[in-house]
Each structure stands twice: as C-alpha cells, then as structure tokens.
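One file, model.cif, is given below (mmCIF, C-alpha atoms).
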```cif
data_coords
loop_
_atom_site.label_atom_id
_atom_site.label_comp_id
_atom_site.auth_asym_id
_atom_site.auth_seq_id
_atom_site.Cartn_x
_atom_site.Cartn_y
_atom_site.Cartn_z
CA ASN V 1 105.50 117.00 108.67
CA ALA V 2 104.65 113.71 110.39
CA GLY V 3 100.96 113.51 109.35
CA VAL V 4 99.50 110.24 110.67
CA THR V 5 101.87 108.01 112.62
CA GLN V 6 101.10 104.37 113.37
CA THR V 7 103.01 102.04 115.62
CA PRO V 8 104.15 99.33 115.37
CA LYS V 9 104.78 98.70 111.64
CA PHE V 10 104.91 94.93 112.07
CA GLN V 11 103.62 92.60 114.78
CA VAL V 12 103.29 88.86 115.24
CA LEU V 13 100.90 87.58 117.89
CA LYS V 14 99.84 84.19 119.11
CA THR V 15 96.15 83.35 119.24
CA GLY V 16 94.63 84.75 122.41
CA GLN V 17 97.23 87.44 122.99
CA SER V 18 96.19 91.07 123.26
CA MET V 19 97.75 94.19 121.85
CA THR V 20 97.06 97.82 121.10
CA LEU V 21 97.80 99.60 117.83
CA GLN V 22 98.66 103.23 118.33
CA CYS V 23 97.80 106.10 116.01
CA ALA V 24 98.52 109.80 116.30
CA GLN V 25 97.95 112.71 113.93
CA ASP V 26 99.42 116.19 114.13
CA MET V 27 97.06 117.95 111.71
CA ASN V 28 94.43 118.92 114.31
CA HIS V 29 91.83 116.76 112.54
CA ASN V 30 88.55 116.03 114.26
CA SER V 31 87.80 112.67 112.64
CA MET V 32 89.89 109.52 112.88
CA TYR V 33 89.38 106.02 111.50
CA TRP V 34 90.67 102.48 111.70
CA TYR V 35 90.56 100.25 108.61
CA ARG V 36 91.74 96.75 107.87
CA GLN V 37 92.91 95.68 104.41
CA ASP V 38 92.59 92.11 103.23
CA PRO V 39 93.28 90.73 99.74
CA GLY V 40 90.20 90.92 97.53
CA MET V 41 88.22 92.86 100.10
CA GLY V 42 89.66 96.34 99.93
CA LEU V 43 89.67 98.49 103.04
CA ARG V 44 86.95 97.85 105.56
CA LEU V 45 86.09 100.31 108.31
CA ILE V 46 86.48 98.91 111.82
CA TYR V 47 85.72 101.92 114.02
CA TYR V 48 85.74 105.65 113.63
CA SER V 49 85.70 108.72 115.83
CA ALA V 50 83.89 111.78 114.51
CA SER V 51 85.39 113.99 117.20
CA GLU V 52 87.20 113.79 120.50
CA GLY V 53 85.12 111.85 123.00
CA THR V 54 83.02 109.93 120.47
CA THR V 55 83.50 106.56 118.79
CA ASP V 56 81.26 104.50 116.52
CA LYS V 57 81.28 101.08 114.94
CA GLY V 58 82.11 100.64 111.30
CA GLU V 59 81.60 97.65 109.00
CA VAL V 60 83.64 95.05 110.92
CA PRO V 61 83.90 96.00 114.64
CA ASN V 62 83.71 92.54 116.21
CA GLY V 63 86.81 91.59 118.15
CA TYR V 64 88.09 95.16 118.44
CA ASN V 65 87.83 98.08 120.82
CA VAL V 66 88.96 101.66 120.37
CA SER V 67 89.85 104.65 122.50
CA ARG V 68 89.96 108.25 121.40
CA LEU V 69 92.45 109.34 124.02
CA ASN V 70 92.48 112.98 122.94
CA LYS V 71 92.17 114.88 119.68
CA ARG V 72 95.52 113.57 118.42
CA GLU V 73 95.37 109.89 119.38
CA PHE V 74 93.09 107.01 118.43
CA SER V 75 94.08 103.50 119.49
CA LEU V 76 92.79 100.10 118.39
CA ARG V 77 92.85 97.17 120.79
CA LEU V 78 92.62 93.46 120.11
CA GLU V 79 91.66 91.84 123.41
CA SER V 80 92.08 88.21 122.29
CA ALA V 81 93.70 87.97 118.88
CA ALA V 82 92.43 85.40 116.38
CA PRO V 83 93.97 84.22 113.09
CA SER V 84 91.07 85.92 111.25
CA GLN V 85 92.49 89.23 112.45
CA THR V 86 95.65 88.75 110.41
CA SER V 87 95.58 91.81 108.18
CA VAL V 88 97.12 95.17 107.39
CA TYR V 89 95.67 97.88 109.60
CA PHE V 90 95.48 101.51 108.57
CA CYS V 91 94.71 104.52 110.68
CA ALA V 92 93.43 107.63 108.92
CA SER V 93 92.25 111.11 109.77
CA SER V 94 90.28 113.85 108.06
CA GLU V 95 88.91 117.30 108.67
CA GLY V 96 85.42 118.26 107.65
CA ASP V 97 83.17 116.55 105.19
CA ARG V 98 84.79 117.40 101.91
CA TRP V 99 88.41 116.61 102.40
CA LYS V 100 90.36 113.46 101.72
CA LEU V 101 91.59 110.88 104.18
CA PHE V 102 95.18 111.10 105.38
CA PHE V 103 96.53 107.63 105.99
CA GLY V 104 99.25 106.22 108.19
CA SER V 105 101.76 103.78 106.72
CA GLY V 106 99.94 100.73 108.04
CA THR V 107 100.62 97.89 110.49
CA GLN V 108 101.17 94.36 109.20
CA LEU V 109 99.68 92.08 111.85
CA SER V 110 100.00 88.29 111.82
CA VAL V 111 98.15 86.12 114.31
CA LEU V 112 99.44 82.57 114.51
CA ALA I 1 73.98 101.15 103.91
CA GLN I 2 76.22 102.31 101.13
CA THR I 3 78.23 99.86 99.07
CA VAL I 4 81.00 100.24 96.50
CA THR I 5 81.65 97.62 93.83
CA GLN I 6 84.72 97.27 91.64
CA SER I 7 84.05 94.41 89.26
CA GLN I 8 87.55 94.19 87.75
CA PRO I 9 90.01 92.51 90.13
CA GLU I 10 92.85 93.07 87.63
CA MET I 11 93.44 95.16 84.54
CA SER I 12 96.36 95.44 82.19
CA VAL I 13 97.40 98.29 79.87
CA GLN I 14 100.25 98.93 77.49
CA GLU I 15 102.48 101.87 78.32
CA ALA I 16 101.21 105.10 76.67
CA GLU I 17 97.75 103.61 76.12
CA THR I 18 94.48 104.46 77.89
CA VAL I 19 92.69 102.31 80.44
CA THR I 20 89.38 102.67 82.25
CA LEU I 21 88.68 101.24 85.69
CA SER I 22 85.04 100.68 86.65
CA CYS I 23 83.23 101.45 89.87
CA THR I 24 79.58 101.36 90.83
CA TYR I 25 78.03 102.31 94.14
CA ASP I 26 74.73 102.08 95.88
CA THR I 27 73.30 104.81 98.07
CA SER I 28 70.03 106.50 98.94
CA GLU I 29 71.75 109.82 99.58
CA SER I 30 71.79 112.65 97.09
CA ASP I 31 74.89 114.45 98.30
CA TYR I 32 78.21 112.68 98.73
CA TYR I 33 81.79 112.52 97.53
CA LEU I 34 83.53 109.91 95.41
CA PHE I 35 87.25 109.27 95.31
CA TRP I 36 89.86 107.18 93.59
CA TYR I 37 92.86 106.24 95.70
CA LYS I 38 96.05 104.63 94.43
CA GLN I 39 98.10 102.18 96.50
CA PRO I 40 101.54 101.35 95.08
CA PRO I 41 103.62 98.47 96.48
CA SER I 42 104.88 100.83 99.20
CA ARG I 43 101.37 100.49 100.74
CA GLN I 44 100.98 104.25 100.85
CA MET I 45 97.45 105.48 100.06
CA ILE I 46 97.47 108.33 97.54
CA LEU I 47 94.42 110.35 96.52
CA VAL I 48 94.15 110.39 92.74
CA ILE I 49 90.96 112.32 92.12
CA ARG I 50 87.78 113.50 93.85
CA GLN I 51 84.24 114.13 92.59
CA GLU I 52 81.48 115.99 94.39
CA ALA I 53 78.06 114.51 93.64
CA TYR I 54 76.38 117.88 93.22
CA LYS I 55 78.76 118.82 90.42
CA GLN I 56 77.78 117.67 86.95
CA GLN I 57 81.20 118.34 85.48
CA ASN I 58 83.55 115.38 85.56
CA ALA I 59 86.73 115.89 87.59
CA THR I 60 90.13 115.79 85.90
CA GLU I 61 93.67 115.75 87.27
CA ASN I 62 96.31 115.78 84.56
CA ARG I 63 96.20 112.28 82.95
CA PHE I 64 93.40 111.11 85.24
CA SER I 65 89.73 111.80 84.61
CA VAL I 66 86.44 110.35 85.74
CA ASN I 67 83.14 109.56 84.10
CA PHE I 68 80.55 110.28 86.77
CA GLN I 69 77.06 109.05 85.96
CA LYS I 70 74.96 109.93 89.01
CA ALA I 71 71.71 108.35 87.85
CA ALA I 72 73.48 105.10 87.02
CA LYS I 73 75.59 105.34 90.20
CA SER I 74 78.72 104.80 88.19
CA PHE I 75 82.14 106.38 88.71
CA SER I 76 84.85 105.16 86.36
CA LEU I 77 88.49 106.29 86.25
CA LYS I 78 90.28 106.86 82.96
CA ILE I 79 94.05 106.92 82.89
CA SER I 80 95.49 108.38 79.69
CA ASP I 81 99.06 107.92 78.44
CA SER I 82 99.67 105.20 81.01
CA GLN I 83 103.07 105.15 82.64
CA LEU I 84 104.97 102.41 84.44
CA GLY I 85 104.51 104.33 87.68
CA ASP I 86 100.74 103.96 87.36
CA ALA I 87 101.01 100.27 88.22
CA ALA I 88 99.24 99.90 91.58
CA MET I 89 96.03 98.92 93.33
CA TYR I 90 93.25 101.41 92.71
CA PHE I 91 90.40 101.82 95.14
CA CYS I 92 87.11 103.54 94.50
CA ALA I 93 85.64 105.14 97.62
CA TYR I 94 82.38 106.75 98.68
CA ARG I 95 82.10 109.32 101.42
CA THR I 96 78.83 110.27 103.01
CA ARG I 97 78.13 113.89 103.79
CA ASN I 98 75.79 112.99 106.59
CA THR I 99 76.86 113.93 110.07
CA GLY I 100 78.48 111.26 112.18
CA GLY I 101 82.07 111.10 111.15
CA PHE I 102 81.79 111.31 107.37
CA LYS I 103 82.57 107.66 106.89
CA THR I 104 84.43 106.58 103.77
CA ILE I 105 83.58 103.19 102.26
CA PHE I 106 85.97 101.48 99.85
CA GLY I 107 85.58 99.00 97.03
CA ALA I 108 87.60 95.80 96.83
CA GLY I 109 90.15 97.35 94.49
CA THR I 110 91.50 96.83 90.97
CA ARG I 111 95.11 95.89 90.45
CA LEU I 112 96.51 97.67 87.39
CA PHE I 113 99.48 96.24 85.50
CA VAL I 114 101.35 98.43 83.02
CA LYS I 115 103.32 96.69 80.28
CA ALA I 116 106.44 98.31 78.83
#
```
Would you mind giving the structure from this file in structure tokens?
Amino acid sequence: NAGVTQTPKFQVLKTGQSMTLQCAQDMNHNSMYWYRQDPGMGLRLIYYSASEGTTDKGEVPNGYNVSRLNKREFSLRLESAAPSQTSVYFCASSEGDRWKLFFGSGTQLSVL
Amino acid sequence: AQTVTQSQPEMSVQEAETVTLSCTYDTSESDYYLFWYKQPPSRQMILVIRQEAYKQQNATENRFSVNFQKAAKSFSLKISDSQLGDAAMYFCAYRTRNTGGFKTIFGAGTRLFVKA
C-alpha cells in the first residue's frame, strides 16, 4: 500500500528558481493538505483542498500556489523560491471529519 | 482562529518512568478533535492517540493516555513505562469539525529524550 507519495524527497534550489512538489494518494481521500515544518514552529498549514476542484489558504500561503489536479493529486508550486522557503514539506490526506491525517514522507527543500 | 501551544520545547525521562507532555489550545468551537502525533528521526508522522471533544472519558492507547480538560482547554499526554523507542518529537494537534476541509492545526512540538 503506497498511501501518500511525495516527490522529490530532496531538492536544492537557487533563489528565484521555480519548482513543483508533487503529491499523490491512493486511498480515495477527499481532503488533501500541504504543510511546512520548521524547527521550533511545528507544522504549519500552507494550503488545503477539501475536495476535488476546491483549494483554500492555510496559515502561511504567501509565496505558494497549489493545484488539485484530480482526486488523487495535489501539487504545491513555488514560483520564485526564497531562502525563507527552506523547510521540510509534508503532504497529507484524510477522509471525513473524524479520521487522522495520512502523511507522505516529506520533501527536504533548501533554497540557497 | 484556533491555536495550539506546547510550552515545553524539550523533555527528558528515565527509561521505565512516566512523563507528561503539556498542550493547551484556544478555540471558540464546542466540537472538535485533538490528537497527539509522534515524529521519530525517520521524519514519519505517527498518530499516537485521538480525543473527541464531546467525549468526557479520556482516551488511552496502551502506555499512552491523555488528560483532557475541556473547560481549561488543556490536552496533556502521559507516557507510562517509557521506552527508548519513545524518543521523538511529539506534536499536539487540533482539528476543527466545521465544514471546509477539516483543517488540522499543530503545536510547535516537544522533543522527548529517553535516558537508559
């Protein structure tokens, strides 16, 4: 069982470069999320998608865009990367309001 | 907006002893879920325990239990008979039951060290 798959696992960018983080889940979940994890700040919600065709801003959306391509896939795009976006990024999915989050293995992103 | 606060950046416990990790939250909602997640060095996020706000009984999962004080908006995690494998970051999390994606908000985390 794959669960939530994120690619890539590691990425180094130069300031101003763009890239897209990919996320796919095979559990037929309606809701998907993107978080970033920084030391001392826990996980902060960037964007989420309650269902296919909808996306909403989370706590820290500036500098990011998302696309819910279909029910399985939810991508996160950095249009012009900045050093402040150096972080570990997690994609997650869930079904319904009472169930836990299923997390991907994370992407370590460094912006130089 | 909801917030989750973990006031202990680090905690330490002797193997086989008991430790309690603190968490407080702020919300105007009456119905929600609370979680504790564990993140070992592998970076994997593992659900430890879940509490539904409408339930008065505290949740337990083997050596893990919570002390849920709804009026005080407090949700602490007790780990009994601590084991070396319990060493990890622990995150307290709040999940709204309102429509709109059922967002989950996390605290800053507590790093737990277990001494042999």
query: Near Val48 in chain I, within 8 Å and counting only C-alpha atoms, which residues show up once chain neighbours fewer than 4 positions away are dropped, as a list in words?
result: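 Surrounding residues, per the criterion: Phe35, Trp36, Tyr37, Lys38, Glu61 and Phe64 of chain I.
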query: Got a sec: who's within 8 Å of Thr3 in chain I, counting all atoms listed in the file, leaving out chain neighbours fewer than 6 positions off, as an MDAnalysis selection string?
result: chainID I and resid 25:27 105:107
Please produce a file of those selected residues containing C-alpha atoms, as an mmCIF file, in the coordinates of the input.
```cif
data_model
loop_
_atom_site.group_PDB
_atom_site.id
_atom_site.type_symbol
_atom_site.label_atom_id
_atom_site.label_comp_id
_atom_site.auth_asym_id
_atom_site.auth_seq_id
_atom_site.Cartn_x
_atom_site.Cartn_y
_atom_site.Cartn_z
ATOM 1 C CA TYR I 25 78.030 102.310 94.140
ATOM 2 C CA ASP I 26 74.730 102.080 95.880
ATOM 3 C CA THR I 27 73.300 104.810 98.070
ATOM 4 C CA ILE I 105 83.580 103.190 102.260
ATOM 5 C CA PHE I 106 85.970 101.480 99.850
ATOM 6 C CA GLY I 107 85.580 99.000 97.030
#
```
- request: Return the neighbours of chain V among the residues of chain I, cut-off 12 Å, counting all atoms listed in the file, as JSON, numbers by chain.
  value: {"I": [1, 2, 3, 4, 5, 6, 7, 8, 9, 10, 31, 32, 33, 34, 35, 36, 37, 38, 39, 40, 41, 42, 43, 44, 45, 46, 47, 48, 49, 50, 51, 52, 53, 89, 90, 91, 92, 93, 94, 95, 96, 97, 98, 99, 100, 101, 102, 103, 104, 105, 106, 107, 108, 109, 110, 111]}
- prompt: Any idea what's packed within 8 Å of Gly53 in chain V, counting all atoms listed in the file, ignoring anything in its chain fewer than 3 positions away? Could you give it as a VMD selection string?
  reply: chain V and resid 49 68 to 70
message: Can you pull out the residues contacting Gln108 in chain V? Cut-off 7 Å, using only C-alpha atoms, and skip same-chain residues under 4 positions away; I want them as a list in words.
response: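 Those residues are Lys9, Phe10, Gln11, Ser87, Val88 and Tyr89 of chain V.
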task: Can you work out the spacing between CA of Lys71 in chain V and CA of Asn28 in chain V in Å, to one decimal?
output: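 Computing it gives 7.1 Å between the two atoms.
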- request: Determine the residue set returned by the PyMOL selection byres ((chain V and resi 4) around 6) for the present structure, and present it as a VMD selection string.
  value: chain V and resid 3 5 24 to 25 104
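In this structure, CA of Asp86 in chain I sits 21.6 Å away from CA of Thr24 in chain I.
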task: In Å, rounded to a single decimal, give me how far CA of Thr18 in chain I is from CA of Lys73 in chain I.
output: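 A separation of 22.6 Å between them.
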Give as a tab-separated table (two decimals) with C-alpha atoms, in the coordinates of the input every residue, naming chains and numbers as the document does, that has an atom within 10 Å of (92.4, 95.1, 119.6), counting all atoms listed in the file.
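The resulting file, point_17.tsv, is reproduced below:
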```
chain	number	residue	atom	x	y	z
V	17	GLN	CA	97.23	87.44	122.99
V	18	SER	CA	96.19	91.07	123.26
V	19	MET	CA	97.75	94.19	121.85
V	20	THR	CA	97.06	97.82	121.10
V	21	LEU	CA	97.80	99.60	117.83
V	61	PRO	CA	83.90	96.00	114.64
V	62	ASN	CA	83.71	92.54	116.21
V	63	GLY	CA	86.81	91.59	118.15
V	64	TYR	CA	88.09	95.16	118.44
V	65	ASN	CA	87.83	98.08	120.82
V	66	VAL	CA	88.96	101.66	120.37
V	75	SER	CA	94.08	103.50	119.49
V	76	LEU	CA	92.79	100.10	118.39
V	77	ARG	CA	92.85	97.17	120.79
V	78	LEU	CA	92.62	93.46	120.11
V	79	GLU	CA	91.66	91.84	123.41
V	80	SER	CA	92.08	88.21	122.29
V	81	ALA	CA	93.70	87.97	118.88
V	85	GLN	CA	92.49	89.23	112.45
```
task: Write out as a list in words which residues come within 7 Å of Pro83 in chain V when counting all atoms listed in the file, dropping same-chain ones fewer than 5 positions away.
output: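 My list of contacting residues is Thr15, Val111 and Leu112 of chain V.
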task: Expand the PyMOL selection byres ((chain I and resi 84) around 12) into the individual residues it matches in the shown file, reporting them as a ChimeraX atom specification.
output: /I:12-17,40,79,81-83,85-88,112-116
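Of the listed residues V:Val60, V:Lys14, V:Gln6, V:Met27, the one whose atoms come nearest to Phe74 in chain V is V:Gln6, with distances taken using all atoms listed in the file.
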message: I need the residue nearest Leu77 in chain I from this list: I:Cys23, I:Glu29, I:Asn62, I:Met11. Use only C-alpha atoms for the distance.
response: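 Ranking I:Cys23, I:Glu29, I:Asn62, I:Met11 by distance to Leu77 in chain I, first place goes to I:Cys23.
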